[in-house]
>>> print(open('work_4.cif').read())   # mmCIF, C-alpha atoms
data_run
loop_
_atom_site.label_atom_id
_atom_site.label_comp_id
_atom_site.auth_asym_id
_atom_site.auth_seq_id
_atom_site.Cartn_x
_atom_site.Cartn_y
_atom_site.Cartn_z
CA MET A 1108 3.87 12.74 29.49
CA ARG A 1109 3.31 9.04 28.76
CA GLU A 1110 6.23 6.63 28.49
CA ILE A 1111 6.32 3.83 25.91
CA LYS A 1112 9.07 1.23 26.03
CA THR A 1113 11.00 0.34 22.92
CA ILE A 1114 10.69 -3.36 23.80
CA ASP A 1115 6.91 -3.02 23.38
CA ILE A 1116 7.37 -1.26 20.04
CA THR A 1117 9.66 -4.03 18.79
CA LYS A 1118 7.14 -6.69 19.81
CA ALA A 1119 4.26 -4.84 18.12
CA VAL A 1120 6.19 -4.37 14.86
CA ALA A 1121 7.24 -8.05 14.80
CA GLU A 1122 3.63 -9.16 15.22
CA LEU A 1123 2.31 -6.67 12.66
CA CYS A 1124 4.80 -7.87 10.03
CA GLN A 1125 3.47 -11.41 10.40
CA GLU A 1126 -0.20 -10.41 10.55
CA ALA A 1127 0.07 -8.18 7.50
CA ASN A 1128 1.66 -10.96 5.45
CA CYS A 1129 -0.75 -13.71 6.48
CA VAL A 1130 -4.14 -12.11 7.10
CA LEU A 1131 -5.78 -10.14 4.30
CA GLY A 1132 -7.95 -7.27 5.53
CA GLU A 1133 -11.71 -7.74 5.65
CA ASP A 1134 -12.15 -4.69 3.43
CA VAL A 1135 -10.09 -6.37 0.69
CA ILE A 1136 -11.94 -9.67 1.14
CA SER A 1137 -15.26 -7.87 0.83
CA ALA A 1138 -14.08 -5.97 -2.25
CA LEU A 1139 -12.93 -9.18 -3.94
CA LYS A 1140 -16.27 -10.85 -3.22
CA GLN A 1141 -18.11 -7.90 -4.76
CA ALA A 1142 -15.74 -7.98 -7.72
CA LEU A 1143 -16.53 -11.65 -8.23
CA GLU A 1144 -20.20 -10.75 -8.69
CA VAL A 1145 -19.42 -7.98 -11.18
CA GLU A 1146 -16.64 -9.56 -13.22
CA GLU A 1147 -17.88 -10.57 -16.68
CA SER A 1148 -15.09 -12.85 -17.90
CA GLN A 1149 -14.89 -16.50 -16.93
CA GLU A 1150 -11.10 -16.30 -16.55
CA GLY A 1151 -11.43 -13.21 -14.40
CA ARG A 1152 -13.95 -14.86 -12.09
CA GLU A 1153 -11.70 -17.91 -11.75
CA VAL A 1154 -8.76 -15.71 -10.78
CA ILE A 1155 -10.77 -13.85 -8.14
CA SER A 1156 -12.08 -17.13 -6.75
CA GLN A 1157 -8.51 -18.38 -6.43
CA LEU A 1158 -7.44 -15.15 -4.71
CA LEU A 1159 -10.20 -15.59 -2.13
CA GLU A 1160 -9.22 -19.22 -1.59
CA ASN A 1161 -5.58 -18.21 -1.24
CA ALA A 1162 -6.51 -15.62 1.39
CA GLU A 1163 -8.41 -18.21 3.41
CA VAL A 1164 -5.54 -20.71 3.27
CA ALA A 1165 -3.06 -18.02 4.33
CA ARG A 1166 -5.24 -17.01 7.28
CA THR A 1167 -6.02 -20.48 8.57
CA GLU A 1168 -2.53 -21.94 8.08
CA GLN A 1169 -0.64 -18.73 8.94
CA VAL A 1170 1.41 -18.74 5.77
CA PRO A 1171 2.23 -15.72 3.57
CA LEU A 1172 -0.40 -14.49 1.15
CA CYS A 1173 2.30 -14.04 -1.48
CA GLN A 1174 5.83 -15.33 -2.01
CA ASP A 1175 6.96 -11.68 -2.22
CA CYS A 1176 6.77 -10.58 1.42
CA GLY A 1177 7.73 -7.12 0.36
CA THR A 1178 9.53 -4.11 1.72
CA ALA A 1179 8.57 -3.35 5.30
CA ILE A 1180 7.14 0.16 5.38
CA VAL A 1181 6.30 1.53 8.81
CA PHE A 1182 4.05 4.54 9.34
CA LEU A 1183 4.20 6.13 12.80
CA GLU A 1184 1.83 8.66 14.30
CA ILE A 1185 3.63 9.78 17.44
CA GLY A 1186 1.67 11.67 20.06
CA GLN A 1187 3.49 14.82 21.12
CA ASP A 1188 3.00 13.81 24.76
CA VAL A 1189 4.76 10.47 24.29
CA HIS A 1190 8.26 9.76 25.57
CA ILE A 1191 10.03 6.73 24.06
CA ILE A 1192 12.26 5.02 26.63
CA GLY A 1193 14.65 2.10 26.56
CA GLY A 1194 16.56 2.87 23.40
CA ALA A 1195 16.28 4.50 19.97
CA LEU A 1196 12.90 4.38 18.21
CA GLY A 1197 14.37 3.59 14.79
CA GLU A 1198 16.44 0.73 16.15
CA ALA A 1199 13.41 -0.71 17.94
CA ILE A 1200 11.41 -0.72 14.72
CA GLU A 1201 14.24 -2.27 12.74
CA GLU A 1202 14.59 -5.01 15.34
CA GLY A 1203 10.85 -5.62 15.14
CA VAL A 1204 11.07 -6.13 11.38
CA ARG A 1205 14.07 -8.42 11.85
CA GLN A 1206 12.24 -10.55 14.41
CA GLY A 1207 8.92 -10.56 12.55
CA TYR A 1208 10.37 -11.77 9.27
CA LYS A 1209 12.41 -14.44 11.03
CA GLN A 1210 9.59 -15.69 13.29
CA GLY A 1211 7.10 -15.74 10.43
CA SER A 1212 9.47 -17.43 7.96
CA LEU A 1213 8.79 -14.53 5.60
CA ARG A 1214 10.93 -14.09 2.51
CA LYS A 1215 13.70 -11.56 2.94
CA SER A 1216 13.92 -9.40 -0.15
CA ILE A 1217 16.04 -6.35 0.70
CA VAL A 1218 19.46 -5.98 -0.93
CA ALA A 1219 22.27 -3.61 0.02
CA ARG A 1220 24.37 -1.76 -2.58
CA PRO A 1221 21.40 -1.79 -4.97
CA PHE A 1222 23.25 -0.88 -8.17
CA THR A 1223 26.35 -3.06 -7.67
CA ALA A 1224 26.61 -6.08 -5.36
CA ARG A 1225 22.89 -6.34 -4.52
CA LYS A 1226 23.67 -8.53 -1.51
CA ASN A 1227 20.65 -9.62 0.52
CA THR A 1228 20.70 -8.10 4.01
CA GLY A 1229 19.32 -11.40 5.31
CA ASP A 1230 16.60 -10.03 7.59
CA ASN A 1231 14.51 -7.70 5.38
CA THR A 1232 16.01 -4.62 7.02
CA PRO A 1233 16.27 -1.74 6.90
CA PRO A 1234 12.59 -0.86 6.90
CA ILE A 1235 11.30 2.40 5.44
CA ILE A 1236 9.95 4.56 8.26
CA HIS A 1237 7.63 7.54 7.95
CA THR A 1238 6.90 9.57 11.09
CA GLU A 1239 4.25 12.14 11.86
CA ILE A 1240 3.87 14.08 15.11
CA VAL A 1241 0.25 14.32 16.23
CA SER A 1242 -1.55 15.42 19.38
CA GLY A 1243 -2.13 13.03 22.26
CA GLU A 1244 -0.18 10.42 24.18
CA SER A 1245 -0.37 7.31 22.02
CA LEU A 1246 1.77 5.75 19.32
CA LYS A 1247 0.02 4.45 16.21
CA ILE A 1248 2.05 1.92 14.23
CA THR A 1249 1.05 0.76 10.75
CA VAL A 1250 3.15 -1.84 8.96
CA MET A 1251 2.72 -2.24 5.21
CA SER A 1252 4.40 -5.10 3.36
CA LYS A 1253 4.77 -3.72 -0.15
CA GLY A 1254 5.59 -6.12 -2.95
CA CYS A 1255 7.77 -4.96 -5.81
CA GLY A 1256 5.63 -6.03 -8.77
CA ALA A 1257 3.10 -3.26 -8.24
CA GLU A 1258 5.73 -0.86 -6.92
CA ASN A 1259 7.71 -1.18 -10.16
CA MET A 1260 4.66 -0.01 -12.12
CA SER A 1261 4.15 3.16 -10.04
CA ARG A 1262 4.79 6.56 -11.57
CA LEU A 1263 5.26 10.25 -10.80
CA VAL A 1264 4.22 12.83 -13.38
CA MET A 1265 4.51 16.60 -13.26
CA LEU A 1266 1.49 17.97 -15.07
CA ASN A 1267 0.87 21.41 -16.44
CA PRO A 1268 -1.45 23.13 -13.92
CA GLY A 1269 -4.02 23.69 -16.64
CA GLU A 1270 -4.45 19.95 -17.26
CA GLY A 1271 -6.62 19.62 -14.16
CA GLN A 1272 -8.79 16.58 -13.46
CA LYS A 1273 -8.70 15.40 -17.07
CA GLY A 1274 -4.90 15.31 -17.02
CA ILE A 1275 -4.83 13.47 -13.70
CA VAL A 1276 -7.25 10.79 -14.86
CA ASN A 1277 -5.35 10.38 -18.12
CA ALA A 1278 -2.12 9.90 -16.16
CA VAL A 1279 -3.76 7.16 -14.07
CA VAL A 1280 -5.16 5.40 -17.14
CA GLN A 1281 -1.81 5.55 -18.93
CA THR A 1282 0.00 4.15 -15.90
CA ILE A 1283 -2.38 1.19 -15.63
CA SER A 1284 -2.34 0.61 -19.37
CA ASN A 1285 1.46 0.43 -19.34
CA ALA A 1286 1.41 -1.87 -16.30
CA GLY A 1287 -0.96 -4.42 -17.81
CA GLY A 1288 -0.88 -7.58 -15.71
CA ASN A 1289 2.54 -6.81 -14.19
CA ALA A 1290 1.05 -5.13 -11.11
CA CYS A 1291 -0.99 -8.26 -10.24
CA PRO A 1292 -4.48 -6.80 -10.67
CA PRO A 1293 -7.05 -6.24 -9.41
CA VAL A 1294 -5.15 -3.34 -7.90
CA VAL A 1295 -5.90 -0.49 -5.56
CA ILE A 1296 -4.60 2.77 -6.98
CA GLY A 1297 -3.15 5.33 -4.59
CA LEU A 1298 -3.05 8.89 -5.87
CA GLY A 1299 -1.06 11.72 -4.36
CA ILE A 1300 -2.01 15.05 -5.89
CA GLY A 1301 -0.35 18.38 -5.21
CA ALA A 1302 2.29 19.32 -2.60
CA ASN A 1303 5.68 18.63 -4.22
CA VAL A 1304 7.62 15.68 -5.63
CA GLU A 1305 8.43 13.75 -2.44
CA LYS A 1306 5.21 14.58 -0.62
CA ALA A 1307 3.03 13.54 -3.56
CA MET A 1308 4.63 10.10 -3.51
CA LEU A 1309 4.07 9.77 0.22
CA LEU A 1310 0.43 10.87 -0.14
CA ALA A 1311 -0.09 8.18 -2.78
CA LYS A 1312 1.39 5.52 -0.53
CA LYS A 1313 -0.68 6.58 2.48
CA ALA A 1314 -3.82 6.62 0.33
CA LEU A 1315 -3.47 2.84 0.02
CA LEU A 1316 -4.10 2.51 3.76
CA ARG A 1317 -7.68 3.71 3.41
CA PRO A 1318 -10.29 0.90 3.49
CA VAL A 1319 -11.18 -0.27 -0.02
CA TYR A 1320 -14.31 1.43 -1.43
CA GLU A 1321 -14.09 4.28 1.11
CA LEU A 1322 -14.29 7.44 -1.00
CA ASN A 1323 -12.57 10.67 -0.08
CA ILE A 1324 -14.81 12.85 2.10
CA ASP A 1325 -14.33 15.78 -0.31
CA PRO A 1326 -16.99 15.39 -3.06
CA GLU A 1327 -14.69 16.89 -5.70
CA ILE A 1328 -11.94 14.38 -4.96
CA ALA A 1329 -14.44 11.52 -4.70
CA ASP A 1330 -15.71 12.41 -8.18
CA LEU A 1331 -12.16 12.18 -9.52
CA GLU A 1332 -11.69 8.78 -7.84
CA LEU A 1333 -14.84 7.38 -9.42
CA GLU A 1334 -14.02 8.76 -12.86
CA ALA A 1335 -10.52 7.30 -12.77
CA LEU A 1336 -11.81 3.92 -11.56
CA GLY A 1337 -14.36 3.73 -14.36
CA ARG A 1338 -11.80 4.63 -17.02
CA VAL A 1339 -9.31 2.09 -15.68
CA ASN A 1340 -11.86 -0.72 -15.62
CA ASP A 1341 -12.84 0.10 -19.19
CA LEU A 1342 -9.32 -0.91 -20.29
CA GLY A 1343 -10.27 -4.60 -20.16
CA ILE A 1344 -7.02 -5.77 -18.56
CA GLY A 1345 -8.90 -7.71 -15.89
CA PRO A 1346 -7.74 -9.87 -12.96
CA MET A 1347 -4.05 -10.81 -13.33
CA GLY A 1348 -4.17 -9.49 -16.88
CA TYR A 1349 -6.40 -12.28 -18.23
CA GLY A 1350 -9.02 -9.85 -19.46
CA GLY A 1351 -12.21 -8.67 -17.84
CA ARG A 1352 -13.97 -5.85 -16.10
CA ILE A 1353 -12.18 -5.64 -12.75
CA THR A 1354 -8.69 -4.24 -13.28
CA ALA A 1355 -8.90 -2.06 -10.17
CA LEU A 1356 -10.92 -2.39 -6.98
CA ALA A 1357 -10.63 1.26 -6.03
CA VAL A 1358 -8.89 4.58 -6.57
CA HIS A 1359 -7.91 6.42 -3.39
CA ALA A 1360 -6.70 10.01 -3.77
CA GLU A 1361 -5.15 12.34 -1.21
CA VAL A 1362 -4.68 16.00 -2.13
CA MET A 1363 -2.61 18.87 -0.77
CA PRO A 1364 -2.15 22.50 -1.88
CA THR A 1365 0.68 22.99 -4.34
CA HIS A 1366 2.76 25.69 -6.01
CA ILE A 1367 1.10 27.88 -8.64
CA GLY A 1368 3.48 26.54 -11.28
CA GLY A 1369 2.97 22.83 -10.81
CA LEU A 1370 0.60 19.88 -10.50
CA PRO A 1371 2.48 16.82 -9.17
CA VAL A 1372 0.61 13.54 -9.53
CA ALA A 1373 1.95 10.34 -7.97
CA VAL A 1374 0.39 6.99 -8.88
CA ASN A 1375 1.29 4.20 -6.45
CA LEU A 1376 -0.15 0.77 -7.17
CA GLN A 1377 -1.08 -1.89 -4.65
CA CYS A 1378 -1.65 -5.42 -5.90
CA HIS A 1379 -4.69 -7.48 -4.88
CA SER A 1380 -2.77 -8.52 -1.74
CA GLY A 1381 -3.23 -5.29 0.22
CA ARG A 1382 -1.08 -6.13 3.24
CA HIS A 1383 -1.12 -3.63 6.09
CA LYS A 1384 -1.98 -3.83 9.78
CA THR A 1385 -2.21 -1.22 12.52
CA ARG A 1386 -1.76 -1.18 16.28
CA ILE A 1387 -2.03 1.65 18.81
CA LEU A 1388 0.19 1.62 21.91
#
>>> encode(input="work_4.cif", output="structure tokens")
Amino acid sequence: MREIKTIDITKAVAELCQEANCVLGEDVISALKQALEVEESQEGREVISQLLENAEVARTEQVPLCQDCGTAIVFLEIGQDVHIIGGALGEAIEEGVRQGYKQGSLRKSIVARPFTARKNTGDNTPPIIHTEIVSGESLKITVMSKGCGAENMSRLVMLNPGEGQKGIVNAVVQTISNAGGNACPPVVIGLGIGANVEKAMLLAKKALLRPVYELNIDPEIADLELEALGRVNDLGIGPMGYGGRITALAVHAEVMPTHIGGLPVAVNLQCHSGRHKTRIL
């Protein structure tokens, strides 16, 4: 049994919140550079060039990539041989978010009483925490800062089982078509297919953590990803909605078995600022 102190968890979460908001992943940088070579519209190329410049300024000056520093979403993979000591795990993570957003001068965007007072909590808490028990004696922490522009454009659809791959791709295309430039394209599209309502949405969110351009290892799912990406980029929405070829950088799908009577499909959109960082304790 390995012991991990909550004070170390708080410190890691605080640092990850700041890193995620200020340092764009190399996979996203690489994808944007490749998109710049492929994009056909002058406006689209200018937008991508500005996104790359913005990422460099954010990294070198340690300032947020975007004014919307997002909801703090924390994914935990907890080894079954780990013992958390020094306090409650959830409280340690919440304190880490509180410290990280304060130390990094990151915008606090979370409001309590969401359908009445909508009063800002003042420290971007509470975070959304997803936990998974795995084998081993380590704790893997991934912090995602998820902006609301793309999140607002996400959708869940319950397809007829007979609609199959065609229905799934059509649902993706319709979601992106409705979103237009509101999701701040070029986007990464997370797909959760199967399971049930809540699990499909979680699968879609977790799919966004996969490195851009990394296809699913299952050839059948990879084929669906490529078909959906091609259809989406044929829409002509382009970077930030100015028109062009590159509306999406990638489609990432995660699939689970489901009930014989259903085919849940969750579409979760990530804007061009794919902000997530991971640390293993």
>>> resolve_selection(input="work_4.cif", expression="the PyMOL selection byres ((chain A and resi 1307-1323) around 8)", output="JSON list (two decimals) with C-alpha atoms, in the frame of the given file")
[["chain", "number", "residue", "atom", "x", "y", "z"],
["A", 1134, "ASP", "CA", -12.15, -4.69, 3.43],
["A", 1135, "VAL", "CA", -10.09, -6.37, 0.69],
["A", 1138, "ALA", "CA", -14.08, -5.97, -2.25],
["A", 1263, "LEU", "CA", 5.26, 10.25, -10.80],
["A", 1295, "VAL", "CA", -5.90, -0.49, -5.56],
["A", 1296, "ILE", "CA", -4.60, 2.77, -6.98],
["A", 1297, "GLY", "CA", -3.15, 5.33, -4.59],
["A", 1298, "LEU", "CA", -3.05, 8.89, -5.87],
["A", 1299, "GLY", "CA", -1.06, 11.72, -4.36],
["A", 1300, "ILE", "CA", -2.01, 15.05, -5.89],
["A", 1301, "GLY", "CA", -0.35, 18.38, -5.21],
["A", 1302, "ALA", "CA", 2.29, 19.32, -2.60],
["A", 1303, "ASN", "CA", 5.68, 18.63, -4.22],
["A", 1304, "VAL", "CA", 7.62, 15.68, -5.63],
["A", 1305, "GLU", "CA", 8.43, 13.75, -2.44],
["A", 1306, "LYS", "CA", 5.21, 14.58, -0.62],
["A", 1324, "ILE", "CA", -14.81, 12.85, 2.10],
["A", 1325, "ASP", "CA", -14.33, 15.78, -0.31],
["A", 1326, "PRO", "CA", -16.99, 15.39, -3.06],
["A", 1328, "ILE", "CA", -11.94, 14.38, -4.96],
["A", 1329, "ALA", "CA", -14.44, 11.52, -4.70],
["A", 1332, "GLU", "CA", -11.69, 8.78, -7.84],
["A", 1356, "LEU", "CA", -10.92, -2.39, -6.98],
["A", 1357, "ALA", "CA", -10.63, 1.26, -6.03],
["A", 1359, "HIS", "CA", -7.91, 6.42, -3.39],
["A", 1360, "ALA", "CA", -6.70, 10.01, -3.77],
["A", 1361, "GLU", "CA", -5.15, 12.34, -1.21],
["A", 1362, "VAL", "CA", -4.68, 16.00, -2.13],
["A", 1371, "PRO", "CA", 2.48, 16.82, -9.17],
["A", 1372, "VAL", "CA", 0.61, 13.54, -9.53],
["A", 1373, "ALA", "CA", 1.95, 10.34, -7.97],
["A", 1374, "VAL", "CA", 0.39, 6.99, -8.88],
["A", 1375, "ASN", "CA", 1.29, 4.20, -6.45],
["A", 1377, "GLN", "CA", -1.08, -1.89, -4.65],
["A", 1383, "HIS", "CA", -1.12, -3.63, 6.09]]
>>> resolve_selection(input="work_4.cif", expression="the PyMOL selection byres ((chain A and resi 1246) around 12)", output="number ranges by chain")
A: 1109-1113, 1115-1116, 1119-1120, 1182-1191, 1196, 1238-1245, 1247-1249, 1385-1388
>>> atom_distance(input="work_4.cif", atom1="atom CA of A:His1237", atom2="atom CA of A:Val1204")
14.5 Å
>>> resolve_selection(input="work_4.cif", expression="the PyMOL selection byres ((chain A and resi 1216) around 12)", output="number ranges by chain")
A: 1174-1179, 1208, 1213-1215, 1217-1219, 1221, 1225-1234, 1252-1255
>>> atom_distance(input="work_4.cif", atom1="atom CA of A:Thr1117", atom2="atom CA of A:Ser1212")
17.2 Å
>>> residues_around(input="work_4.cif", residues="A:Gln1157", least_positions_apart="2", cutoff="12 Å", atoms="all atoms listed in the file", output="PyMOL selection string")
chain A and resi 1139-1140+1143+1150-1155+1159-1164+1172+1346-1347+1379
>>> closest_residue(input="work_4.cif", among="A:Leu1331, A:Ala1165, A:Ala1278, A:Ala1224", to="A:Ser1380", atoms="only C-alpha atoms")
A:Ala1165
>>> atom_distance(input="work_4.cif", atom1="atom CA of A:Glu1201", atom2="atom CA of A:Met1108")
24.8 Å
>>> closest_residue(input="work_4.cif", among="A:Leu1131, A:Val1250, A:Leu1376, A:Cys1124", to="A:Val1181", atoms="only C-alpha atoms")
A:Val1250
>>> build_atoms(input="work_4.cif", residues="stretch 1326-1358 of chain A", atoms="N, CA and C atoms", output="PDB file, keeping the file's coordinate frame")
ATOM      1  N   PRO A1326     -16.228  15.837  -1.874  1.00  0.00           N
ATOM      2  CA  PRO A1326     -16.990  15.390  -3.060  1.00  0.00           C
ATOM      3  C   PRO A1326     -16.223  15.575  -4.368  1.00  0.00           C
ATOM      4  N   GLU A1327     -15.454  16.637  -4.480  1.00  0.00           N
ATOM      5  CA  GLU A1327     -14.690  16.890  -5.700  1.00  0.00           C
ATOM      6  C   GLU A1327     -13.644  15.806  -5.931  1.00  0.00           C
ATOM      7  N   ILE A1328     -12.968  15.418  -4.854  1.00  0.00           N
ATOM      8  CA  ILE A1328     -11.940  14.380  -4.960  1.00  0.00           C
ATOM      9  C   ILE A1328     -12.600  13.020  -5.186  1.00  0.00           C
ATOM     10  N   ALA A1329     -13.721  12.785  -4.516  1.00  0.00           N
ATOM     11  CA  ALA A1329     -14.440  11.520  -4.700  1.00  0.00           C
ATOM     12  C   ALA A1329     -14.883  11.365  -6.156  1.00  0.00           C
ATOM     13  N   ASP A1330     -15.302  12.455  -6.770  1.00  0.00           N
ATOM     14  CA  ASP A1330     -15.710  12.410  -8.180  1.00  0.00           C
ATOM     15  C   ASP A1330     -14.529  12.009  -9.065  1.00  0.00           C
ATOM     16  N   LEU A1331     -13.356  12.547  -8.761  1.00  0.00           N
ATOM     17  CA  LEU A1331     -12.160  12.180  -9.520  1.00  0.00           C
ATOM     18  C   LEU A1331     -11.847  10.694  -9.332  1.00  0.00           C
ATOM     19  N   GLU A1332     -11.962  10.195  -8.110  1.00  0.00           N
ATOM     20  CA  GLU A1332     -11.690   8.780  -7.840  1.00  0.00           C
ATOM     21  C   GLU A1332     -12.602   7.875  -8.657  1.00  0.00           C
ATOM     22  N   LEU A1333     -13.876   8.207  -8.696  1.00  0.00           N
ATOM     23  CA  LEU A1333     -14.840   7.380  -9.420  1.00  0.00           C
ATOM     24  C   LEU A1333     -14.616   7.440 -10.926  1.00  0.00           C
ATOM     25  N   GLU A1334     -14.293   8.635 -11.429  1.00  0.00           N
ATOM     26  CA  GLU A1334     -14.020   8.760 -12.860  1.00  0.00           C
ATOM     27  C   GLU A1334     -12.804   7.941 -13.255  1.00  0.00           C
ATOM     28  N   ALA A1335     -11.745   8.054 -12.466  1.00  0.00           N
ATOM     29  CA  ALA A1335     -10.520   7.300 -12.770  1.00  0.00           C
ATOM     30  C   ALA A1335     -10.766   5.800 -12.702  1.00  0.00           C
ATOM     31  N   LEU A1336     -11.523   5.348 -11.699  1.00  0.00           N
ATOM     32  CA  LEU A1336     -11.810   3.920 -11.560  1.00  0.00           C
ATOM     33  C   LEU A1336     -12.588   3.399 -12.764  1.00  0.00           C
ATOM     34  N   GLY A1337     -13.582   4.148 -13.197  1.00  0.00           N
ATOM     35  CA  GLY A1337     -14.360   3.730 -14.360  1.00  0.00           C
ATOM     36  C   GLY A1337     -13.524   3.643 -15.618  1.00  0.00           C
ATOM     37  N   ARG A1338     -12.663   4.645 -15.831  1.00  0.00           N
ATOM     38  CA  ARG A1338     -11.800   4.630 -17.020  1.00  0.00           C
ATOM     39  C   ARG A1338     -10.829   3.459 -16.994  1.00  0.00           C
ATOM     40  N   VAL A1339     -10.268   3.191 -15.813  1.00  0.00           N
ATOM     41  CA  VAL A1339      -9.310   2.090 -15.680  1.00  0.00           C
ATOM     42  C   VAL A1339      -9.990   0.747 -15.980  1.00  0.00           C
ATOM     43  N   ASN A1340     -11.173   0.559 -15.426  1.00  0.00           N
ATOM     44  CA  ASN A1340     -11.860  -0.720 -15.620  1.00  0.00           C
ATOM     45  C   ASN A1340     -12.407  -0.883 -17.033  1.00  0.00           C
ATOM     46  N   ASP A1341     -12.455   0.194 -17.777  1.00  0.00           N
ATOM     47  CA  ASP A1341     -12.840   0.100 -19.190  1.00  0.00           C
ATOM     48  C   ASP A1341     -11.686  -0.389 -20.065  1.00  0.00           C
ATOM     49  N   LEU A1342     -10.481  -0.473 -19.503  1.00  0.00           N
ATOM     50  CA  LEU A1342      -9.320  -0.910 -20.290  1.00  0.00           C
ATOM     51  C   LEU A1342      -9.403  -2.389 -20.655  1.00  0.00           C
ATOM     52  N   GLY A1343     -10.109  -3.185 -19.842  1.00  0.00           N
ATOM     53  CA  GLY A1343     -10.270  -4.600 -20.160  1.00  0.00           C
ATOM     54  C   GLY A1343      -9.088  -5.474 -19.774  1.00  0.00           C
ATOM     55  N   ILE A1344      -8.177  -4.964 -18.957  1.00  0.00           N
ATOM     56  CA  ILE A1344      -7.020  -5.770 -18.560  1.00  0.00           C
ATOM     57  C   ILE A1344      -7.456  -6.936 -17.688  1.00  0.00           C
ATOM     58  N   GLY A1345      -8.291  -6.660 -16.704  1.00  0.00           N
ATOM     59  CA  GLY A1345      -8.900  -7.710 -15.890  1.00  0.00           C
ATOM     60  C   GLY A1345      -7.974  -8.322 -14.862  1.00  0.00           C
ATOM     61  N   PRO A1346      -8.513  -9.221 -14.025  1.00  0.00           N
ATOM     62  CA  PRO A1346      -7.740  -9.870 -12.960  1.00  0.00           C
ATOM     63  C   PRO A1346      -6.498 -10.586 -13.498  1.00  0.00           C
ATOM     64  N   MET A1347      -5.352 -10.236 -12.949  1.00  0.00           N
ATOM     65  CA  MET A1347      -4.050 -10.810 -13.330  1.00  0.00           C
ATOM     66  C   MET A1347      -3.750 -10.680 -14.815  1.00  0.00           C
ATOM     67  N   GLY A1348      -4.437  -9.753 -15.482  1.00  0.00           N
ATOM     68  CA  GLY A1348      -4.170  -9.490 -16.880  1.00  0.00           C
ATOM     69  C   GLY A1348      -4.814 -10.450 -17.854  1.00  0.00           C
ATOM     70  N   TYR A1349      -5.753 -11.294 -17.367  1.00  0.00           N
ATOM     71  CA  TYR A1349      -6.400 -12.280 -18.230  1.00  0.00           C
ATOM     72  C   TYR A1349      -7.601 -11.734 -18.984  1.00  0.00           C
ATOM     73  N   GLY A1350      -7.876 -10.459 -18.803  1.00  0.00           N
ATOM     74  CA  GLY A1350      -9.020  -9.850 -19.460  1.00  0.00           C
ATOM     75  C   GLY A1350     -10.227  -9.822 -18.541  1.00  0.00           C
ATOM     76  N   GLY A1351     -11.015  -8.765 -18.666  1.00  0.00           N
ATOM     77  CA  GLY A1351     -12.210  -8.670 -17.840  1.00  0.00           C
ATOM     78  C   GLY A1351     -12.485  -7.247 -17.390  1.00  0.00           C
ATOM     79  N   ARG A1352     -13.465  -7.143 -16.531  1.00  0.00           N
ATOM     80  CA  ARG A1352     -13.970  -5.850 -16.100  1.00  0.00           C
ATOM     81  C   ARG A1352     -13.193  -5.271 -14.917  1.00  0.00           C
ATOM     82  N   ILE A1353     -12.745  -6.120 -14.010  1.00  0.00           N
ATOM     83  CA  ILE A1353     -12.180  -5.640 -12.750  1.00  0.00           C
ATOM     84  C   ILE A1353     -10.657  -5.611 -12.827  1.00  0.00           C
ATOM     85  N   THR A1354     -10.134  -4.474 -13.300  1.00  0.00           N
ATOM     86  CA  THR A1354      -8.690  -4.240 -13.280  1.00  0.00           C
ATOM     87  C   THR A1354      -8.288  -3.587 -11.975  1.00  0.00           C
ATOM     88  N   ALA A1355      -9.159  -2.736 -11.440  1.00  0.00           N
ATOM     89  CA  ALA A1355      -8.900  -2.060 -10.170  1.00  0.00           C
ATOM     90  C   ALA A1355     -10.110  -2.186  -9.259  1.00  0.00           C
ATOM     91  N   LEU A1356      -9.844  -2.354  -7.978  1.00  0.00           N
ATOM     92  CA  LEU A1356     -10.920  -2.390  -6.980  1.00  0.00           C
ATOM     93  C   LEU A1356     -11.317  -0.988  -6.560  1.00  0.00           C
ATOM     94  N   ALA A1357     -10.348  -0.086  -6.525  1.00  0.00           N
ATOM     95  CA  ALA A1357     -10.630   1.260  -6.030  1.00  0.00           C
ATOM     96  C   ALA A1357      -9.521   2.213  -6.426  1.00  0.00           C
ATOM     97  N   VAL A1358      -9.854   3.491  -6.445  1.00  0.00           N
ATOM     98  CA  VAL A1358      -8.890   4.580  -6.570  1.00  0.00           C
ATOM     99  C   VAL A1358      -9.024   5.433  -5.319  1.00  0.00           C
TER     100      VAL A1358
END
